[in-house]
>>> print(open('coords-v5.txt').read())   # compact mmCIF, C-alpha atoms
# COMPACT_ATOMS: atom_id res chain seq x y z
CA MET A 17 10.52 -2.64 -11.52
CA GLU A 18 13.15 -0.08 -12.41
CA ASN A 19 14.17 2.57 -9.87
CA GLN A 20 13.14 5.37 -12.22
CA GLU A 21 9.68 3.84 -12.65
CA LEU A 22 9.37 3.50 -8.88
CA GLU A 23 10.40 7.15 -8.43
CA THR A 24 7.58 8.17 -10.77
CA LEU A 25 5.09 5.98 -8.89
CA LEU A 26 6.10 7.63 -5.59
CA GLU A 27 5.37 11.16 -6.86
CA PRO A 28 1.71 11.19 -5.72
CA PHE A 29 2.84 10.40 -2.15
CA ARG A 30 5.33 13.24 -2.24
CA LYS A 31 2.55 15.61 -3.25
CA ASP A 32 -0.76 15.00 -1.55
CA CYS A 33 -1.75 11.32 -1.62
CA ASN A 34 -1.70 9.02 1.37
CA CYS A 35 0.10 5.66 1.44
CA ALA A 36 -2.89 3.59 0.31
CA GLN A 37 -3.84 5.94 -2.50
CA THR A 38 -0.29 5.95 -3.82
CA VAL A 39 -0.07 2.15 -3.91
CA LEU A 40 -3.50 1.91 -5.52
CA LEU A 41 -2.56 4.50 -8.14
CA ALA A 42 0.47 2.39 -9.06
CA PHE A 43 -1.89 -0.43 -10.09
CA ARG A 44 -4.86 1.58 -11.32
CA GLU A 45 -4.67 0.21 -14.85
CA GLU A 46 -4.33 -3.40 -13.70
CA MET A 47 -7.42 -2.92 -11.52
CA GLY A 48 -9.40 -1.22 -14.29
CA LEU A 49 -10.28 1.75 -12.09
CA THR A 50 -10.24 5.47 -12.75
CA GLU A 51 -7.98 7.80 -10.81
CA GLU A 52 -11.05 9.24 -9.09
CA GLU A 53 -12.21 5.77 -7.99
CA VAL A 54 -8.75 4.90 -6.66
CA MET A 55 -8.48 8.18 -4.76
CA GLY A 56 -11.84 7.60 -3.10
CA LEU A 57 -11.15 3.95 -2.36
CA GLY A 58 -7.88 4.69 -0.59
CA LEU A 59 -8.89 7.90 1.15
CA GLY A 60 -9.73 6.44 4.56
CA PHE A 61 -6.66 4.22 4.84
CA GLY A 62 -3.95 6.81 5.46
CA GLY A 63 -2.20 6.74 8.82
CA GLY A 64 -3.18 3.16 9.47
CA ILE A 65 -6.91 3.70 8.76
CA VAL A 66 -7.87 7.31 9.44
CA ARG A 67 -4.71 7.97 11.47
CA THR A 68 -5.46 5.29 14.08
CA GLY A 69 -2.12 3.52 13.60
CA GLN A 70 -3.63 0.23 12.51
CA ILE A 71 -2.47 -1.62 9.38
CA CYS A 72 -0.17 0.64 7.34
CA GLY A 73 -1.98 2.30 4.44
CA ALA A 74 0.66 1.01 2.03
CA VAL A 75 -0.23 -2.53 3.11
CA SER A 76 -3.96 -1.83 2.81
CA GLY A 77 -3.47 -0.41 -0.68
CA GLY A 78 -1.45 -3.44 -1.72
CA VAL A 79 -4.04 -5.84 -0.34
CA MET A 80 -6.83 -4.04 -2.22
CA ALA A 81 -4.87 -4.00 -5.49
CA LEU A 82 -3.95 -7.67 -5.18
CA GLY A 83 -7.53 -8.62 -4.36
CA MET A 84 -8.82 -6.84 -7.45
CA VAL A 85 -6.20 -8.36 -9.74
CA CYS A 86 -6.67 -11.87 -8.32
CA SER A 87 -10.45 -11.65 -8.56
CA ARG A 88 -10.16 -10.91 -12.25
CA ALA A 89 -7.58 -13.63 -12.88
CA MET A 90 -9.91 -16.52 -12.04
CA GLU A 91 -13.40 -17.24 -13.33
CA ASP A 92 -14.43 -19.32 -10.32
CA PRO A 93 -14.93 -17.11 -7.22
CA ALA A 94 -13.66 -19.91 -4.96
CA ASP A 95 -10.45 -20.15 -7.00
CA ALA A 96 -10.08 -16.35 -6.94
CA LYS A 97 -10.49 -16.38 -3.16
CA GLU A 98 -7.80 -19.02 -2.69
CA LEU A 99 -5.45 -17.25 -5.08
CA THR A 100 -6.04 -13.96 -3.26
CA PHE A 101 -5.34 -15.52 0.14
CA ARG A 102 -2.06 -17.02 -1.09
CA VAL A 103 -0.89 -13.88 -2.85
CA VAL A 104 -1.89 -11.48 -0.06
CA THR A 105 -0.25 -13.72 2.53
CA GLN A 106 3.00 -13.57 0.56
CA PHE A 107 2.67 -9.79 0.17
CA MET A 108 2.18 -9.31 3.91
CA GLU A 109 5.14 -11.59 4.69
CA ASP A 110 7.33 -9.59 2.29
CA PHE A 111 6.32 -6.30 3.94
CA ARG A 112 6.74 -7.67 7.46
CA GLU A 113 10.17 -9.02 6.56
CA ALA A 114 11.21 -5.58 5.32
CA PHE A 115 9.88 -3.59 8.31
CA GLY A 116 9.23 -6.02 11.14
CA THR A 117 5.57 -4.99 11.37
CA LEU A 118 2.44 -4.25 9.37
CA TYR A 119 1.24 -1.53 11.76
CA CYS A 120 1.57 2.19 11.11
CA SER A 121 1.90 3.00 14.83
CA GLN A 122 4.85 0.62 15.17
CA LEU A 123 6.49 1.94 12.00
CA LEU A 124 6.21 5.44 13.49
CA ASP A 125 7.38 4.44 16.98
CA GLY A 126 3.99 4.98 18.60
CA ILE A 127 3.37 8.52 17.40
CA ASP A 128 -0.37 9.29 17.59
CA LEU A 129 -1.36 10.68 14.20
CA ARG A 130 -4.79 11.67 15.53
CA THR A 131 -3.21 14.61 17.34
CA GLN A 132 -1.75 17.78 15.88
CA GLU A 133 1.32 17.21 18.01
CA GLY A 134 1.82 13.75 16.55
CA ARG A 135 1.44 14.98 12.98
CA ALA A 136 3.83 17.85 13.72
CA LEU A 137 6.38 15.39 15.10
CA VAL A 138 6.15 13.27 11.95
CA LYS A 139 6.83 16.39 9.90
CA GLN A 140 9.62 17.61 12.19
CA GLU A 141 11.37 14.22 12.19
CA LYS A 142 10.76 13.82 8.44
CA LEU A 143 9.21 10.43 9.03
CA ASN A 144 7.21 10.63 5.80
CA GLU A 145 10.52 10.55 3.94
CA LYS A 146 12.38 8.22 6.31
CA VAL A 147 9.66 5.67 7.08
CA CYS A 148 6.50 6.12 5.06
CA GLU A 149 8.00 6.59 1.61
CA PRO A 150 10.18 3.47 1.94
CA ALA A 151 7.10 1.55 3.12
CA VAL A 152 5.14 2.71 0.08
CA ALA A 153 8.06 1.76 -2.18
CA VAL A 154 8.30 -1.74 -0.69
CA ALA A 155 4.53 -2.21 -1.01
CA ILE A 156 4.56 -1.14 -4.66
CA ARG A 157 7.54 -3.34 -5.47
CA ALA A 158 6.18 -6.41 -3.62
CA ALA A 159 2.65 -6.07 -4.99
CA GLY A 160 4.00 -5.45 -8.48
CA GLN A 161 6.07 -8.63 -8.41
CA LEU A 162 3.07 -10.64 -7.28
CA ILE A 163 0.76 -9.03 -9.85
CA ASN A 164 3.25 -9.95 -12.58
CA ILE A 165 3.19 -13.57 -11.39
CA VAL A 166 -0.62 -13.66 -11.27
CA ASN A 167 -0.92 -12.12 -14.73
CA SER A 168 1.60 -14.55 -16.23
CA GLU A 169 -0.23 -17.66 -15.05
>>> encode(input="coords-v5.txt", output="structure tokens")
Amino acid sequence: MENQELETLLEPFRKDCNCAQTVLLAFREEMGLTEEEVMGLGLGFGGGIVRTGQICGAVSGGVMALGMVCSRAMEDPADAKELTFRVVTQFMEDFREAFGTLYCSQLLDGIDLRTQEGRALVKQEKLNEKVCEPAVAVAIRAAGQLINIVNSE
């Protein structure tokens, strides 16, 4: 994936989309979903699932995109399940290798996004740009590489 293409794919995050929505939008065509469906699907995953600091939304979006692509790549549901498990495991390892964690709260040094103070601190420290945007970029790049492999087999 070229840097310019990645920059374009990051634009929704820079505007008003959360991490999961942005990753899902990057693979909307591969999943065969409308923009409206993707936006709804990813809505509750921002901030580590509704700001609880759980699994990073970028990871959740990547897992959902990979699951959809893998499920369509295999006719047999059991084969699709095994393919999905292998591909998602690799995706999660790639993300963890890049950031040391899969958890939003750890990426944001324990800031509680459920509070106004926590959200203000993220804004003040520019953590969306410093932490979240790179996480979204890594998720898009890693998922894209795996989707290309799945689609070429």
>>> closest_residue(input="coords-v5.txt", among="A:Leu118, A:Val154, A:Glu145, A:Glu113", to="Gly64 (chain A)", atoms="all atoms listed in the file")
A:Leu118
>>> residues_around(input="coords-v5.txt", residues="Gly56 (chain A)", least_positions_apart="2", cutoff="12 Å", atoms="all atoms listed in the file", output="list in words")
Cys33, Asn34, Ala36, Gln37, Thr38, Leu40, Leu41, Leu49, Thr50, Glu51, Glu52, Glu53, Val54, Gly58, Leu59, Gly60, Phe61, Gly62 and Gly77 of chain A
>>> atom_distance(input="coords-v5.txt", atom1="CA of Ile156 (chain A)", atom2="CA of Arg102 (chain A)")
17.6 Å
>>> axis_aligned_box(input="coords-v5.txt", around="region 46-53 of chain A", padding_each_side="5 Å", output="AutoDock Vina command-line options")
--center_x -8.3 --center_y 2.9 --center_z -11.1 --size_x 17.9 --size_y 22.6 --size_z 16.3
>>> atom_distance(input="coords-v5.txt", atom1="CA of Asn167 (chain A)", atom2="CA of Cys72 (chain A)")
25.5 Å
>>> build_atoms(input="coords-v5.txt", residues="region 85-119 of chain A", atoms="N, CA and C atoms", output="PDB file, in the frame of the given file")
ATOM      1  N   VAL A  85      -6.882  -7.653  -8.655  1.00  0.00           N
ATOM      2  CA  VAL A  85      -6.200  -8.360  -9.740  1.00  0.00           C
ATOM      3  C   VAL A  85      -6.491  -9.862  -9.665  1.00  0.00           C
ATOM      4  N   CYS A  86      -6.416 -10.436  -8.473  1.00  0.00           N
ATOM      5  CA  CYS A  86      -6.670 -11.870  -8.320  1.00  0.00           C
ATOM      6  C   CYS A  86      -8.118 -12.227  -8.654  1.00  0.00           C
ATOM      7  N   SER A  87      -9.037 -11.350  -8.280  1.00  0.00           N
ATOM      8  CA  SER A  87     -10.450 -11.650  -8.560  1.00  0.00           C
ATOM      9  C   SER A  87     -10.729 -11.681 -10.045  1.00  0.00           C
ATOM     10  N   ARG A  88      -9.966 -10.946 -10.802  1.00  0.00           N
ATOM     11  CA  ARG A  88     -10.160 -10.910 -12.250  1.00  0.00           C
ATOM     12  C   ARG A  88      -9.362 -12.002 -12.967  1.00  0.00           C
ATOM     13  N   ALA A  89      -8.435 -12.610 -12.258  1.00  0.00           N
ATOM     14  CA  ALA A  89      -7.580 -13.630 -12.880  1.00  0.00           C
ATOM     15  C   ALA A  89      -8.232 -14.994 -12.929  1.00  0.00           C
ATOM     16  N   MET A  90      -9.276 -15.197 -12.125  1.00  0.00           N
ATOM     17  CA  MET A  90      -9.910 -16.520 -12.040  1.00  0.00           C
ATOM     18  C   MET A  90     -11.412 -16.376 -12.282  1.00  0.00           C
ATOM     19  N   GLU A  91     -11.954 -17.280 -13.068  1.00  0.00           N
ATOM     20  CA  GLU A  91     -13.400 -17.240 -13.330  1.00  0.00           C
ATOM     21  C   GLU A  91     -14.193 -17.710 -12.118  1.00  0.00           C
ATOM     22  N   ASP A  92     -13.732 -18.756 -11.468  1.00  0.00           N
ATOM     23  CA  ASP A  92     -14.430 -19.320 -10.320  1.00  0.00           C
ATOM     24  C   ASP A  92     -14.129 -18.478  -9.077  1.00  0.00           C
ATOM     25  N   PRO A  93     -15.164 -17.928  -8.427  1.00  0.00           N
ATOM     26  CA  PRO A  93     -14.930 -17.110  -7.220  1.00  0.00           C
ATOM     27  C   PRO A  93     -14.163 -17.851  -6.123  1.00  0.00           C
ATOM     28  N   ALA A  94     -14.382 -19.150  -5.981  1.00  0.00           N
ATOM     29  CA  ALA A  94     -13.660 -19.910  -4.960  1.00  0.00           C
ATOM     30  C   ALA A  94     -12.167 -19.978  -5.290  1.00  0.00           C
ATOM     31  N   ASP A  95     -11.850 -20.143  -6.571  1.00  0.00           N
ATOM     32  CA  ASP A  95     -10.450 -20.150  -7.000  1.00  0.00           C
ATOM     33  C   ASP A  95      -9.815 -18.770  -6.797  1.00  0.00           C
ATOM     34  N   ALA A  96     -10.574 -17.722  -7.123  1.00  0.00           N
ATOM     35  CA  ALA A  96     -10.080 -16.350  -6.940  1.00  0.00           C
ATOM     36  C   ALA A  96      -9.805 -16.075  -5.463  1.00  0.00           C
ATOM     37  N   LYS A  97     -10.665 -16.573  -4.605  1.00  0.00           N
ATOM     38  CA  LYS A  97     -10.490 -16.380  -3.160  1.00  0.00           C
ATOM     39  C   LYS A  97      -9.212 -17.062  -2.685  1.00  0.00           C
ATOM     40  N   GLU A  98      -8.997 -18.288  -3.092  1.00  0.00           N
ATOM     41  CA  GLU A  98      -7.800 -19.020  -2.690  1.00  0.00           C
ATOM     42  C   GLU A  98      -6.527 -18.356  -3.232  1.00  0.00           C
ATOM     43  N   LEU A  99      -6.584 -17.940  -4.492  1.00  0.00           N
ATOM     44  CA  LEU A  99      -5.450 -17.250  -5.080  1.00  0.00           C
ATOM     45  C   LEU A  99      -5.157 -15.963  -4.302  1.00  0.00           C
ATOM     46  N   THR A 100      -6.192 -15.213  -4.005  1.00  0.00           N
ATOM     47  CA  THR A 100      -6.040 -13.960  -3.260  1.00  0.00           C
ATOM     48  C   THR A 100      -5.406 -14.213  -1.904  1.00  0.00           C
ATOM     49  N   PHE A 101      -5.892 -15.220  -1.193  1.00  0.00           N
ATOM     50  CA  PHE A 101      -5.340 -15.520   0.140  1.00  0.00           C
ATOM     51  C   PHE A 101      -3.864 -15.858   0.052  1.00  0.00           C
ATOM     52  N   ARG A 102      -3.475 -16.661  -0.935  1.00  0.00           N
ATOM     53  CA  ARG A 102      -2.060 -17.020  -1.090  1.00  0.00           C
ATOM     54  C   ARG A 102      -1.200 -15.805  -1.436  1.00  0.00           C
ATOM     55  N   VAL A 103      -1.668 -15.024  -2.380  1.00  0.00           N
ATOM     56  CA  VAL A 103      -0.890 -13.880  -2.850  1.00  0.00           C
ATOM     57  C   VAL A 103      -0.788 -12.805  -1.767  1.00  0.00           C
ATOM     58  N   VAL A 104      -1.899 -12.509  -1.105  1.00  0.00           N
ATOM     59  CA  VAL A 104      -1.890 -11.480  -0.060  1.00  0.00           C
ATOM     60  C   VAL A 104      -1.042 -11.931   1.128  1.00  0.00           C
ATOM     61  N   THR A 105      -1.092 -13.205   1.458  1.00  0.00           N
ATOM     62  CA  THR A 105      -0.250 -13.720   2.530  1.00  0.00           C
ATOM     63  C   THR A 105       1.219 -13.498   2.206  1.00  0.00           C
ATOM     64  N   GLN A 106       1.611 -13.789   0.977  1.00  0.00           N
ATOM     65  CA  GLN A 106       3.000 -13.570   0.560  1.00  0.00           C
ATOM     66  C   GLN A 106       3.351 -12.081   0.616  1.00  0.00           C
ATOM     67  N   PHE A 107       2.446 -11.234   0.144  1.00  0.00           N
ATOM     68  CA  PHE A 107       2.670  -9.790   0.170  1.00  0.00           C
ATOM     69  C   PHE A 107       2.899  -9.297   1.600  1.00  0.00           C
ATOM     70  N   MET A 108       2.052  -9.730   2.514  1.00  0.00           N
ATOM     71  CA  MET A 108       2.180  -9.310   3.910  1.00  0.00           C
ATOM     72  C   MET A 108       3.478  -9.826   4.529  1.00  0.00           C
ATOM     73  N   GLU A 109       3.866 -11.047   4.184  1.00  0.00           N
ATOM     74  CA  GLU A 109       5.140 -11.590   4.690  1.00  0.00           C
ATOM     75  C   GLU A 109       6.313 -10.775   4.156  1.00  0.00           C
ATOM     76  N   ASP A 110       6.253 -10.390   2.885  1.00  0.00           N
ATOM     77  CA  ASP A 110       7.330  -9.590   2.290  1.00  0.00           C
ATOM     78  C   ASP A 110       7.437  -8.240   3.005  1.00  0.00           C
ATOM     79  N   PHE A 111       6.306  -7.601   3.268  1.00  0.00           N
ATOM     80  CA  PHE A 111       6.320  -6.300   3.940  1.00  0.00           C
ATOM     81  C   PHE A 111       6.817  -6.443   5.376  1.00  0.00           C
ATOM     82  N   ARG A 112       6.317  -7.451   6.074  1.00  0.00           N
ATOM     83  CA  ARG A 112       6.740  -7.670   7.460  1.00  0.00           C
ATOM     84  C   ARG A 112       8.236  -7.981   7.541  1.00  0.00           C
ATOM     85  N   GLU A 113       8.732  -8.711   6.582  1.00  0.00           N
ATOM     86  CA  GLU A 113      10.170  -9.020   6.560  1.00  0.00           C
ATOM     87  C   GLU A 113      10.984  -7.740   6.380  1.00  0.00           C
ATOM     88  N   ALA A 114      10.492  -6.816   5.574  1.00  0.00           N
ATOM     89  CA  ALA A 114      11.210  -5.580   5.320  1.00  0.00           C
ATOM     90  C   ALA A 114      11.175  -4.621   6.511  1.00  0.00           C
ATOM     91  N   PHE A 115      10.057  -4.603   7.264  1.00  0.00           N
ATOM     92  CA  PHE A 115       9.880  -3.590   8.310  1.00  0.00           C
ATOM     93  C   PHE A 115       9.630  -4.132   9.705  1.00  0.00           C
ATOM     94  N   GLY A 116       9.444  -5.428   9.827  1.00  0.00           N
ATOM     95  CA  GLY A 116       9.230  -6.020  11.140  1.00  0.00           C
ATOM     96  C   GLY A 116       7.809  -5.889  11.659  1.00  0.00           C
ATOM     97  N   THR A 117       6.950  -5.195  10.940  1.00  0.00           N
ATOM     98  CA  THR A 117       5.570  -4.990  11.370  1.00  0.00           C
ATOM     99  C   THR A 117       4.707  -4.600  10.176  1.00  0.00           C
ATOM    100  N   LEU A 118       3.414  -4.717  10.364  1.00  0.00           N
ATOM    101  CA  LEU A 118       2.440  -4.250   9.370  1.00  0.00           C
ATOM    102  C   LEU A 118       1.734  -2.985   9.863  1.00  0.00           C
ATOM    103  N   TYR A 119       2.012  -2.584  11.099  1.00  0.00           N
ATOM    104  CA  TYR A 119       1.240  -1.530  11.760  1.00  0.00           C
ATOM    105  C   TYR A 119       1.901  -0.166  11.660  1.00  0.00           C
TER     106      TYR A 119
END
